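model_4.cif follows (mmCIF, C-alpha atoms and all ligand atoms):
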data_coords
loop_
_atom_site.label_atom_id
_atom_site.label_comp_id
_atom_site.auth_asym_id
_atom_site.auth_seq_id
_atom_site.Cartn_x
_atom_site.Cartn_y
_atom_site.Cartn_z
CA MET A 1 -19.73 7.36 0.20
CA GLU A 2 -21.88 5.07 -1.92
CA GLU A 3 -19.47 5.49 -4.78
CA GLN A 4 -16.64 4.33 -2.54
CA LEU A 5 -18.56 1.24 -1.46
CA ARG A 6 -19.30 0.22 -5.00
CA LYS A 7 -15.68 0.70 -5.96
CA SER A 8 -14.48 -1.61 -3.23
CA ASP A 9 -17.00 -4.30 -4.20
CA THR A 10 -15.64 -4.31 -7.73
CA LEU A 11 -12.14 -4.33 -6.38
CA SER A 12 -12.71 -7.41 -4.31
CA VAL A 13 -13.91 -9.36 -7.36
CA ILE A 14 -10.99 -8.15 -9.45
CA GLY A 15 -8.72 -8.87 -6.54
CA GLN A 16 -9.82 -12.46 -6.07
CA LEU A 17 -9.45 -13.23 -9.74
CA ALA A 18 -6.16 -11.48 -10.06
CA ALA A 19 -4.75 -13.08 -6.97
CA GLY A 20 -5.57 -16.50 -8.36
CA ILE A 21 -3.82 -15.74 -11.62
CA ALA A 22 -0.90 -14.17 -9.79
CA HIS A 23 -0.32 -17.43 -7.90
CA GLU A 24 -0.15 -19.35 -11.15
CA ILE A 25 2.27 -16.93 -12.77
CA ARG A 26 4.69 -16.69 -9.91
CA ASN A 27 6.31 -20.12 -10.21
CA PRO A 28 7.17 -19.96 -13.92
CA LEU A 29 8.35 -16.40 -13.37
CA THR A 30 10.76 -17.48 -10.67
CA ALA A 31 12.13 -20.18 -12.99
CA LEU A 32 12.52 -17.64 -15.81
CA LYS A 33 14.46 -15.27 -13.58
CA GLY A 34 16.77 -18.04 -12.49
CA PHE A 35 17.53 -19.22 -16.02
CA ILE A 36 18.04 -15.72 -17.34
CA GLN A 37 20.59 -15.18 -14.61
CA LEU A 38 22.37 -18.41 -15.58
CA LEU A 39 22.36 -17.42 -19.24
CA GLU A 40 23.74 -14.01 -18.43
CA ASP A 41 26.60 -15.54 -16.50
CA MET A 42 27.39 -17.74 -19.52
CA ILE A 43 27.07 -15.21 -22.33
CA LYS A 44 27.59 -11.80 -20.81
CA GLU A 45 29.77 -9.68 -23.07
CA ASP A 46 28.12 -7.78 -25.96
CA HIS A 47 24.66 -8.60 -24.71
CA SER A 48 24.57 -6.94 -21.34
CA MET A 49 22.03 -4.38 -22.51
CA TYR A 50 19.56 -7.07 -23.53
CA PHE A 51 19.96 -8.73 -20.19
CA SER A 52 19.34 -5.57 -18.27
CA VAL A 53 16.15 -4.92 -20.26
CA ILE A 54 14.97 -8.51 -19.76
CA LYS A 55 15.69 -8.38 -16.05
CA SER A 56 14.06 -5.03 -15.51
CA GLU A 57 10.91 -6.20 -17.34
CA LEU A 58 10.86 -9.41 -15.32
CA ASN A 59 11.16 -7.37 -12.14
CA ARG A 60 8.26 -5.28 -13.27
CA ILE A 61 6.10 -8.36 -13.73
CA ASP A 62 7.32 -9.54 -10.38
CA SER A 63 6.19 -6.40 -8.59
CA ILE A 64 2.77 -6.48 -10.27
CA ILE A 65 2.33 -10.11 -9.25
CA ASN A 66 3.35 -9.34 -5.70
CA GLU A 67 0.87 -6.49 -5.41
CA PHE A 68 -1.90 -8.77 -6.61
CA LEU A 69 -0.92 -11.58 -4.28
CA ILE A 70 -1.59 -9.27 -1.35
CA LEU A 71 -5.22 -9.36 -2.38
CA ALA A 72 -5.33 -13.10 -1.95
CA LYS A 73 -6.75 -13.70 1.46
CA PRO A 74 -4.75 -16.21 3.42
CA LYS A 75 -6.80 -19.32 4.21
CA VAL A 76 -6.95 -18.43 7.84
CA VAL A 77 -7.07 -14.71 8.28
CA GLN A 78 -4.88 -13.82 11.21
CA TYR A 79 -6.60 -10.96 12.91
CA ILE A 80 -4.59 -10.25 16.01
CA ASP A 81 -4.61 -7.58 18.65
CA SER A 82 -1.87 -5.21 17.57
CA ASP A 83 -0.34 -1.88 18.36
CA ILE A 84 -0.72 0.45 15.38
CA VAL A 85 1.90 2.82 16.78
CA ASN A 86 4.47 0.03 16.68
CA ILE A 87 3.47 -1.02 13.19
CA MET A 88 3.94 2.57 12.03
CA LYS A 89 7.30 2.85 13.83
CA ASP A 90 8.51 -0.31 12.08
CA THR A 91 7.34 1.04 8.74
CA ILE A 92 9.15 4.32 9.21
CA GLU A 93 12.37 2.52 10.15
CA LEU A 94 12.01 0.33 7.08
CA LEU A 95 11.60 3.32 4.76
CA LYS A 96 14.22 5.59 6.33
CA PRO A 97 17.02 4.61 3.93
CA GLN A 98 14.79 5.43 0.96
CA ALA A 99 13.72 8.71 2.57
CA VAL A 100 17.32 9.75 3.23
CA LEU A 101 18.13 9.08 -0.40
CA HIS A 102 15.40 11.56 -1.38
CA ASN A 103 16.32 14.13 1.27
CA VAL A 104 13.03 13.43 2.99
CA GLN A 105 12.61 13.58 6.76
CA PHE A 106 9.84 12.11 8.88
CA LYS A 107 7.88 13.87 11.58
CA PHE A 108 6.10 11.30 13.68
CA GLU A 109 3.42 12.49 16.09
CA VAL A 110 1.27 10.36 18.38
CA GLU A 111 -1.32 12.63 19.95
CA ASP A 112 -3.30 10.29 22.16
CA GLU A 113 -2.98 7.00 23.90
CA ILE A 114 -3.76 4.75 20.94
CA PRO A 115 -5.51 1.51 21.92
CA THR A 116 -4.49 -1.76 20.31
CA ILE A 117 -6.91 -3.00 17.66
CA VAL A 118 -7.73 -6.35 16.15
CA CYS A 119 -6.23 -6.29 12.67
CA GLU A 120 -3.90 -7.98 10.25
CA PRO A 121 -0.65 -6.24 11.15
CA ASN A 122 1.23 -7.24 7.99
CA GLN A 123 -1.55 -6.03 5.75
CA LEU A 124 -1.73 -2.70 7.57
CA LYS A 125 2.02 -2.38 7.33
CA LYS A 126 1.69 -2.89 3.59
CA VAL A 127 -0.79 -0.01 3.43
CA PHE A 128 1.51 2.28 5.42
CA ILE A 129 4.44 1.32 3.18
CA ASN A 130 2.44 2.05 0.02
CA LEU A 131 1.27 5.46 1.20
CA ILE A 132 4.60 6.57 2.61
CA LYS A 133 6.45 5.37 -0.50
CA ASN A 134 4.08 7.42 -2.64
CA ALA A 135 4.74 10.41 -0.41
CA ILE A 136 8.51 9.98 -0.78
CA GLU A 137 8.22 9.56 -4.54
CA VAL A 138 6.25 12.77 -4.89
CA MET A 139 8.99 14.87 -3.25
CA PRO A 140 11.99 14.74 -5.58
CA ASN A 141 13.54 17.74 -3.85
CA GLY A 142 13.04 16.47 -0.35
CA GLY A 143 10.98 17.88 2.50
CA PHE A 144 8.94 16.59 5.39
CA ILE A 145 6.47 13.76 5.65
CA THR A 146 4.29 14.23 8.71
CA ILE A 147 2.71 11.12 10.13
CA ASN A 148 0.14 11.68 12.82
CA LEU A 149 -1.89 9.25 14.90
CA ARG A 150 -4.94 10.41 16.82
CA LEU A 151 -7.96 8.99 18.55
CA LEU A 152 -11.37 10.33 17.52
CA GLU A 153 -13.91 10.19 20.35
CA GLY A 154 -12.45 6.88 21.41
CA LYS A 155 -14.14 5.23 18.44
CA GLU A 156 -11.74 5.65 15.58
CA ILE A 157 -8.02 5.86 15.06
CA LEU A 158 -7.12 8.56 12.56
CA ILE A 159 -3.80 8.06 10.81
CA SER A 160 -2.67 10.88 8.57
CA ILE A 161 0.25 10.85 6.18
CA GLN A 162 1.01 14.30 4.85
CA ASP A 163 3.53 15.14 2.16
CA GLU A 164 4.86 18.34 0.64
CA GLY A 165 4.60 17.13 -2.93
CA GLU A 166 2.96 18.62 -5.98
CA GLY A 167 -0.57 17.68 -4.93
CA ILE A 168 -3.24 16.01 -7.04
CA PRO A 169 -5.45 17.92 -9.49
CA PRO A 170 -9.15 17.61 -8.51
CA GLU A 171 -10.08 15.86 -11.77
CA LYS A 172 -7.50 13.14 -11.09
CA LEU A 173 -8.56 12.51 -7.51
CA GLN A 174 -11.21 9.92 -8.31
CA MET A 175 -8.78 7.98 -10.49
CA LEU A 176 -6.68 7.13 -7.47
CA GLY A 177 -7.18 3.55 -6.41
CA GLU A 178 -8.33 2.44 -9.87
CA PRO A 179 -6.31 -0.60 -10.94
CA PHE A 180 -3.28 0.39 -13.04
CA TYR A 181 -3.83 4.13 -12.69
CA THR A 182 -0.34 5.56 -12.46
CA THR A 183 1.38 8.78 -13.46
CA LYS A 184 4.84 7.30 -12.93
CA GLU A 185 7.08 5.88 -15.59
CA LYS A 186 7.87 2.84 -13.50
CA GLY A 187 4.64 2.75 -11.51
CA THR A 188 2.28 -0.21 -11.29
CA GLY A 189 -0.81 1.74 -10.28
CA LEU A 190 -1.68 -1.02 -7.85
CA GLY A 191 -0.41 0.27 -4.51
CA LEU A 192 -3.46 2.36 -3.75
CA MET A 193 -5.90 -0.24 -5.01
CA VAL A 194 -4.40 -2.80 -2.66
CA SER A 195 -4.42 -0.28 0.18
CA TYR A 196 -8.09 0.62 -0.31
CA GLN A 197 -8.93 -3.06 -0.32
CA ILE A 198 -7.06 -3.79 2.89
CA ILE A 199 -8.53 -0.81 4.74
CA ASP A 200 -11.98 -1.79 3.54
CA GLU A 201 -11.45 -5.25 5.00
CA HIS A 202 -10.72 -3.58 8.31
CA ASN A 203 -13.97 -1.61 8.06
CA GLY A 204 -11.96 1.55 7.72
CA GLN A 205 -11.83 4.35 5.19
CA ILE A 206 -9.24 6.26 3.24
CA GLU A 207 -9.76 9.93 2.41
CA ILE A 208 -7.51 12.24 0.46
CA GLU A 209 -7.01 15.95 0.92
CA SER A 210 -4.81 17.65 -1.61
CA VAL A 211 -3.77 21.21 -2.37
CA GLN A 212 -1.95 21.63 -5.64
CA GLY A 213 1.54 22.93 -5.20
CA LYS A 214 1.39 22.36 -1.44
CA GLY A 215 0.92 18.69 -0.85
CA THR A 216 -1.36 15.78 -0.16
CA THR A 217 -2.68 14.18 3.00
CA PHE A 218 -3.92 10.61 3.09
CA LEU A 219 -6.25 9.99 6.03
CA ILE A 220 -6.96 6.48 7.23
CA ARG A 221 -9.75 5.89 9.69
CA LEU A 222 -9.83 2.60 11.53
CA PRO A 223 -12.57 1.66 13.99
CA THR A 224 -11.23 0.70 17.41
CA ARG A 225 -13.83 -2.05 17.58
CA LYS A 226 -14.19 -4.19 14.54
CA ASP A 227 -17.69 -5.45 13.76
CA ASP A 228 -18.13 -9.00 12.56
CA ARG A 229 -18.96 -8.31 8.91
CA GLN A 230 -15.56 -8.87 7.37
CA ASN A 231 -15.10 -12.29 8.88
CA GLU A 232 -18.10 -13.81 7.15
CA GLY A 233 -18.56 -16.09 10.11
CA ILE A 234 -15.54 -18.29 9.47
CA HIS A 235 -12.49 -16.43 10.61
CA LYS A 236 -13.71 -15.22 13.96
CA HIS A 237 -11.02 -14.46 16.43
CA PRO A 238 -11.62 -14.50 20.17
CA ASN A 239 -10.54 -10.87 20.41
CA ASP A 240 -13.32 -9.88 18.04
CA TYR A 241 -15.69 -10.09 20.95
CA ARG A 242 -13.96 -7.63 23.24
P1 LIG A 301 2.14 3.90 -8.35
O1 LIG A 301 2.83 4.48 -7.13
O2 LIG A 301 2.77 2.63 -8.81
O3 LIG A 301 1.96 4.91 -9.45
P2 LIG A 301 -0.19 3.91 -6.68
O4 LIG A 301 -1.46 3.13 -6.72
O5 LIG A 301 0.62 3.83 -5.43
O6 LIG A 301 0.65 3.46 -7.93
O7 LIG A 301 -0.53 5.43 -6.96
C1 LIG A 301 -1.29 5.76 -8.11
C2 LIG A 301 -1.11 7.22 -8.51
O8 LIG A 301 -1.70 8.08 -7.53
C3 LIG A 301 0.33 7.67 -8.60
O9 LIG A 301 0.92 7.34 -9.83
C4 LIG A 301 0.18 9.18 -8.43
O10 LIG A 301 -0.21 9.78 -9.64
C5 LIG A 301 -1.01 9.30 -7.48
N1 LIG A 301 -0.56 9.52 -6.08
C6 LIG A 301 -0.51 8.61 -5.10
N2 LIG A 301 -0.05 9.16 -3.95
C7 LIG A 301 0.19 10.44 -4.22
C8 LIG A 301 0.71 11.56 -3.44
N3 LIG A 301 1.04 11.41 -2.16
N4 LIG A 301 0.82 12.76 -4.08
C9 LIG A 301 0.47 12.92 -5.38
N5 LIG A 301 0.00 11.91 -6.16
C10 LIG A 301 -0.13 10.70 -5.59
MG MG A 302 2.75 3.62 -5.22
#

Any chance you could put this one into C-alpha cells?
Ligand code: ADP
Ligand code: MG
Amino acid sequence: MEEQLRKSDTLSVIGQLAAGIAHEIRNPLTALKGFIQLLEDMIKEDHSMYFSVIKSELNRIDSIINEFLILAKPKVVQYIDSDIVNIMKDTIELLKPQAVLHNVQFKFEVEDEIPTIVCEPNQLKKVFINLIKNAIEVMPNGGFITINLRLLEGKEILISIQDEGEGIPPEKLQMLGEPFYTTKEKGTGLGLMVSYQIIDEHNGQIEIESVQGKGTTFLIRLPTRKDDRQNEGIHKHPNDYR
C-alpha cells in the first residue's frame, strides 16, 4: 500500500514535467508531419521505404507525446457527475472494431445499480481504453474479455477487466505502471502509468490479479464519494459536497 502511494507521488512529478515538455514538442512535431507528407507527395518513387520509416517513427513520437499530455491537468478540472456504466459502454463500442479484428468478444456484466460519481469522464474513459486495449493485445488468438461492474457495500465501485491472455509472471508484476516499461515491440509503456495516475487522482486504486497461462484481471476501485483532497481547494465542484 505504502509502496503504491510513493510510486504515485513520483509519477505526478514526472507527469507534470513530462506534460510540460510534451506541450512544447507537439507543435513542431505537427509541422514536421505535414512537411514530410508534402515531401513524400513530391518525391515518392524509389524512396517510399524511407518515408514509411520516417512516418512510423513520427507516429511513435506522437503517441508518446499524447500519453504524456494526458498527465497535464487542464486548468480547470472538470469533475462532473457521470454514469460509469455509460462511460464503459461507450468505451466498449469504441474498441469493438479492434476486438473483432483480434477475434475477441466482450462480456459486459453490471451486477448492481451503479450510482453516478463525480469524476472526469474523459480521463476515466482513457483508463478503460488503456486497460481494454492491453487485454485485446494480450490475446492474439482471440477469446473473451469480461468486464464487470459491482458496488461494494455502497462505498466503492469495483470495475474488473479480465482477459484470457498469457498472464504476467510474478517478478514482472511490480514493473507494471513504471514509465516506459513495455514488453511489446511497438509499445510505449505509458498506458498503465497514465492510468494509475488518473485513478489516483480519483482517490481510487488499481490492483492486478494474474495467473500465468490463464489470464489477468485488472481491478479498479473508485469511491462513490470523493473526498476533497485531490482538488487542493481550487477546483471544487458543487457536486463534491453531496
Ligand atoms: P504498452 O501497452 O505500450 O506496452 P502499458 O503501460 O499499457 O504499455 O503496459 C505495460 C506492460 O504491461 C505491457 O507491455 C505488458 O507487458 C504488461 N501488461 C499490461 N496489461 C497486461 C495484460 N492484460 N496481460 C499481460 N500483460 C499486460
Ligand atoms: Mg498499453

| task | Kindly compile the residues surrounding ligand MG 302 (chain A) within 8 Å, counting all atoms listed in the file, and format them as an MDAnalysis selection string. | result | chainID A and resid 130:131 133:134 187:192

| query | Using all atoms listed in the file, which residue out of A:Ile36, A:Val138, A:Leu222, A:Val85 lies closest to ligand LIG 301 (chain A)? | reply |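 Of the candidates, the smallest distance to ligand LIG 301 (chain A) is held by A:Val138.
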
| Contact residues around A:Gln98 with only C-alpha atoms at 12 Å, ignoring same-chain residues under 6 positions, as JSON, numbers by chain | {"A": [91, 92, 104, 105, 106, 129, 132, 133, 134, 135, 136, 137, 139, 140, 142]}

| said: Can you tell me which residues surround A:Ile208 at a distance of at most 12 Å, considering only C-alpha atoms, apart from same-chain residues fewer than 2 positions away, and format the answer as a list of chain:residue names? | reply: A:Leu131, A:Ile159, A:Ser160, A:Ile161, A:Gln162, A:Asp163, A:Gly167, A:Ile168, A:Pro169, A:Pro170, A:Lys172, A:Leu173, A:Gln174, A:Met175, A:Leu176, A:Gly177, A:Leu192, A:Tyr196, A:Gln205, A:Ile206, A:Ser210, A:Val211, A:Gly215, A:Thr216, A:Thr217, A:Phe218, A:Leu219, A:Ile220, A:Arg221

| Using all atoms listed in the file, which residues sit within 10 Å of A:Glu113 once same-chain residues fewer than 6 positions away are excluded, as a ChimeraX atom specification? | /A:85,149-151,154

| said: Using only C-alpha atoms and all ligand atoms for the distances, tell me which of A:Glu178, A:Glu120, A:Asp90, A:Asp83 is nearest to ligand LIG 301 (chain A). | reply: A:Glu178

For ligand LIG 301 (chain A), take all atoms listed in the file, fit an axis-aligned box around them, add 8 Å to each of the six sides, then output centre and edge lengths in Å rounded to one decimal, as AutoDock Vina command-line options.
--center_x 0.6 --center_y 7.8 --center_z -6.0 --size_x 20.5 --size_y 26.3 --size_z 23.7

| request: Using atom O4 of ligand LIG 301 (chain A) and atom CA of A:Thr183 as the two end points, give the distance in Å to one decimal. | output: 9.2 Å
